[in-house]
$ cat start_20.txt   # compact mmCIF, C-alpha atoms
# COMPACT_ATOMS: atom_id res chain seq x y z
CA MET A 1 13.27 -32.93 7.06
CA THR A 2 9.61 -32.09 6.36
CA GLU A 3 9.07 -31.43 10.08
CA GLY A 4 11.57 -28.57 9.91
CA LEU A 5 9.82 -27.18 6.84
CA GLU A 6 6.41 -27.51 8.50
CA ASP A 7 7.75 -25.73 11.59
CA LYS A 8 9.17 -22.94 9.44
CA LEU A 9 5.88 -22.54 7.53
CA GLY A 10 3.95 -22.55 10.82
CA ILE A 11 6.18 -19.82 12.22
CA GLU A 12 5.84 -17.80 9.01
CA ARG A 13 2.02 -18.07 9.21
CA LEU A 14 2.11 -17.05 12.87
CA VAL A 15 4.31 -14.03 12.14
CA THR A 16 2.06 -13.05 9.22
CA LYS A 17 -1.05 -13.34 11.42
CA LEU A 18 0.57 -11.30 14.19
CA PHE A 19 1.59 -8.64 11.68
CA ASP A 20 -1.92 -8.51 10.20
CA ASP A 21 -3.57 -8.39 13.63
CA THR A 22 -1.24 -5.62 14.80
CA PHE A 23 -1.76 -3.63 11.60
CA ASN A 24 -5.56 -3.98 11.85
CA TYR A 25 -5.49 -2.93 15.52
CA LEU A 26 -3.40 0.16 14.73
CA ILE A 27 -5.68 1.17 11.85
CA ALA A 28 -8.78 0.73 14.03
CA ARG A 29 -7.18 2.77 16.81
CA LEU A 30 -6.12 5.50 14.38
CA ARG A 31 -9.67 5.62 13.01
CA GLU A 32 -11.07 5.91 16.55
CA VAL A 33 -8.70 8.76 17.44
CA TYR A 34 -9.39 10.49 14.12
CA MET A 35 -13.15 10.40 14.60
CA ASN A 36 -12.76 12.23 17.94
CA MET A 37 -10.61 15.04 16.53
CA ASP A 38 -11.84 18.48 15.52
CA THR A 39 -11.73 19.44 11.83
CA PRO A 40 -8.44 21.43 11.86
CA ALA A 41 -6.69 18.58 13.69
CA LYS A 42 -8.08 16.08 11.16
CA LYS A 43 -6.74 18.15 8.26
CA THR A 44 -3.34 18.40 9.92
CA LEU A 45 -3.21 14.65 10.54
CA LEU A 46 -4.18 13.84 6.94
CA ALA A 47 -1.53 16.23 5.63
CA GLN A 48 1.14 14.67 7.85
CA LEU A 49 0.14 11.14 6.87
CA SER A 50 0.17 12.09 3.19
CA GLU A 51 3.64 13.59 3.49
CA ALA A 52 5.05 10.70 5.53
CA GLY A 53 3.65 7.90 3.40
CA GLY A 54 3.45 9.49 -0.01
CA ILE A 55 -0.28 8.88 -0.11
CA GLU A 56 -3.02 11.28 -1.01
CA PHE A 57 -6.04 11.08 1.28
CA PRO A 58 -9.39 12.41 0.11
CA THR A 59 -10.51 15.60 1.81
CA MET A 60 -12.94 14.77 4.56
CA GLY A 61 -16.34 16.41 4.56
CA THR A 62 -16.60 16.87 0.79
CA THR A 63 -19.49 15.34 -1.05
CA LYS A 64 -17.30 14.05 -3.86
CA ALA A 65 -13.78 12.72 -3.64
CA PRO A 66 -11.33 14.63 -5.84
CA ASP A 67 -10.50 13.07 -9.18
CA HIS A 68 -7.38 10.96 -9.05
CA PRO A 69 -5.55 9.70 -12.14
CA TYR A 70 -4.59 6.34 -10.57
CA ASN A 71 -7.01 3.56 -11.52
CA PRO A 72 -6.65 0.43 -9.37
CA GLN A 73 -8.30 -1.82 -11.98
CA THR A 74 -5.77 -0.75 -14.62
CA ALA A 75 -2.92 -1.34 -12.17
CA ILE A 76 -4.23 -4.83 -11.35
CA LYS A 77 -4.62 -5.66 -15.06
CA THR A 78 -1.05 -4.48 -15.66
CA ARG A 79 0.27 -6.74 -12.89
CA ILE A 80 -1.81 -9.73 -14.00
CA LYS A 81 -0.79 -9.22 -17.64
CA GLU A 82 2.79 -9.73 -16.46
CA ASN A 83 1.63 -12.92 -14.70
CA LEU A 84 2.65 -11.62 -11.26
CA SER A 85 1.13 -11.99 -7.83
CA ARG A 86 1.58 -9.10 -5.41
CA ARG A 87 4.46 -11.06 -3.88
CA GLY A 88 6.01 -11.57 -7.32
CA LEU A 89 5.72 -7.86 -8.02
CA ALA A 90 7.32 -7.06 -4.65
CA MET A 91 10.23 -9.28 -5.62
CA GLN A 92 10.47 -7.62 -9.06
CA LEU A 93 10.62 -4.27 -7.27
CA GLY A 94 13.76 -5.53 -5.57
CA TYR A 95 12.45 -6.61 -2.17
CA THR A 96 13.70 -10.04 -1.15
CA LYS A 97 13.55 -10.30 2.65
CA SER A 98 10.31 -11.94 3.76
CA ASP A 99 9.35 -9.20 6.24
CA ARG A 100 9.86 -6.49 3.63
CA ILE A 101 8.04 -8.47 0.94
CA HIS A 102 5.01 -8.75 3.22
CA TYR A 103 5.05 -4.98 3.81
CA VAL A 104 5.34 -4.26 0.06
CA GLU A 105 2.52 -6.73 -0.69
CA ASN A 106 0.33 -4.83 1.78
CA VAL A 107 1.21 -1.47 0.22
CA ILE A 108 0.38 -2.77 -3.28
CA GLY A 109 -2.81 -4.35 -1.93
CA SER A 110 -3.86 -1.10 -0.28
CA PHE A 111 -3.48 0.67 -3.63
CA GLU A 112 -5.28 -2.05 -5.57
CA ASN A 113 -8.11 -2.24 -3.02
CA VAL A 114 -8.47 1.57 -2.96
CA TYR A 115 -7.62 1.95 0.72
CA ARG A 116 -4.86 4.33 -0.33
CA LYS A 117 -3.82 6.08 -3.50
CA PRO A 118 -0.21 6.49 -4.59
CA SER A 119 1.24 9.92 -5.13
CA PRO A 120 3.98 10.82 -7.60
CA LYS A 121 5.32 13.27 -4.98
CA SER A 122 5.97 10.43 -2.55
CA LYS A 123 9.30 10.09 -0.82
CA ASN A 124 8.44 6.47 0.02
CA GLU A 125 10.75 4.16 -1.95
CA VAL A 126 8.08 1.47 -2.37
CA VAL A 127 5.69 3.98 -3.97
CA LYS A 128 8.43 5.30 -6.27
CA ARG A 129 9.39 1.80 -7.40
CA TYR A 130 5.75 0.76 -7.83
CA LEU A 131 4.85 3.78 -9.99
CA GLY A 132 8.07 3.30 -11.98
CA TRP A 133 7.23 -0.37 -12.56
CA LEU A 134 3.70 0.52 -13.73
CA LYS A 135 5.18 3.09 -16.13
CA GLU A 136 7.69 0.58 -17.54
CA HIS A 137 4.80 -1.80 -18.20
CA GLY A 138 2.60 0.64 -20.08
CA TYR A 139 0.52 2.29 -17.36
CA ASN A 140 1.63 5.81 -16.44
CA PRO A 141 -1.27 7.51 -14.62
CA PHE A 142 0.80 10.51 -13.53
CA ASN A 143 2.65 11.00 -16.85
CA LEU A 144 6.01 10.47 -15.15
CA ALA A 145 9.02 11.44 -17.23
$ encode --input "start_20.txt" --output "structure tokens"
Amino acid sequence: MTEGLEDKLGIERLVTKLFDDTFNYLIARLREVYMNMDTPAKKTLLAQLSEAGGIEFPTMGTTKAPDHPYNPQTAIKTRIKENLSRRGLAMQLGYTKSDRIHYVENVIGSFENVYRKPSPKSKNEVVKRYLGWLKEHGYNPFNLA
């Protein structure tokens, strides 16, 4: 019986590693392509990525990033105060399938590690649920109604 469980855990680790490796490859490739683009093409790409993912990207070439009301440390404290891991928060947001939970964990992690910043204008369901959860637990950086 434990052999089956060990096999299942091994497969889950392998799938997670493959997902992480693929994600990291795609990000590295996107960065490489981006660095070889001219400025108008870069602006267009950032606008399209922002619209598609509901994420605000800082304007490239400015000396100071624009102020953003979302504070990752406050979001982390809010999650920890509720005694939740990123996985636990993903489950509270209503995601139960393991592949989707992993994706949601990565989205939350990217916000908490300041790789990306959430936007209240997002059409992405994960972002909407995440910002709604933060609001329900006392942190409302965008003053959502």
$ closest_residue --input "start_20.txt" --among "A:Lys135, A:Lys117, A:Arg13, A:Lys43" --to "Pro69 (chain A)" --atoms "all atoms listed in the file"
A:Lys117
$ closest_residue --input "start_20.txt" --among "A:Asn106, A:Asn113, A:Thr44, A:Ser50" --to "Ile76 (chain A)" --atoms "only C-alpha atoms"
A:Asn113
$ atom_distance --input "start_20.txt" --atom1 "CA of Tyr70 (chain A)" --atom2 "CA of Val126 (chain A)"
15.9 Å
$ residues_around --input "start_20.txt" --residues "Phe19 (chain A)" --least-positions-apart "6" --cutoff "12 Å" --atoms "only C-alpha atoms" --output "PyMOL selection string"
chain A and resi 12-13+25-26+99-100+102-103+106
$ atom_distance --input "start_20.txt" --atom1 "CA of Pro72 (chain A)" --atom2 "CA of Glu112 (chain A)"
4.7 Å
$ residues_around --input "start_20.txt" --residues "Pro141 (chain A)" --least-positions-apart "5" --cutoff "12 Å" --atoms "only C-alpha atoms" --output "ChimeraX atom specification"
/A:68-75,117-120,130-136
$ closest_residue --input "start_20.txt" --among "A:Asp38, A:Asp21, A:Glu105, A:Glu32" --to "Ala90 (chain A)" --atoms "only C-alpha atoms"
A:Glu105
$ atom_distance --input "start_20.txt" --atom1 "CA of Phe142 (chain A)" --atom2 "CA of Lys123 (chain A)"
15.3 Å
$ closest_residue --input "start_20.txt" --among "A:Tyr34, A:Thr78, A:Leu89, A:Ala47" --to "Asn140 (chain A)" --atoms "all atoms listed in the file"
A:Thr78
$ closest_residue --input "start_20.txt" --among "A:Leu45, A:Ala28, A:Val127, A:Ile101" --to "Thr16 (chain A)" --atoms "all atoms listed in the file"
A:Ile101
$ closest_residue --input "start_20.txt" --among "A:Arg116, A:Val15, A:Lys81, A:His137" --to "Ser98 (chain A)" --atoms "all atoms listed in the file"
A:Val15
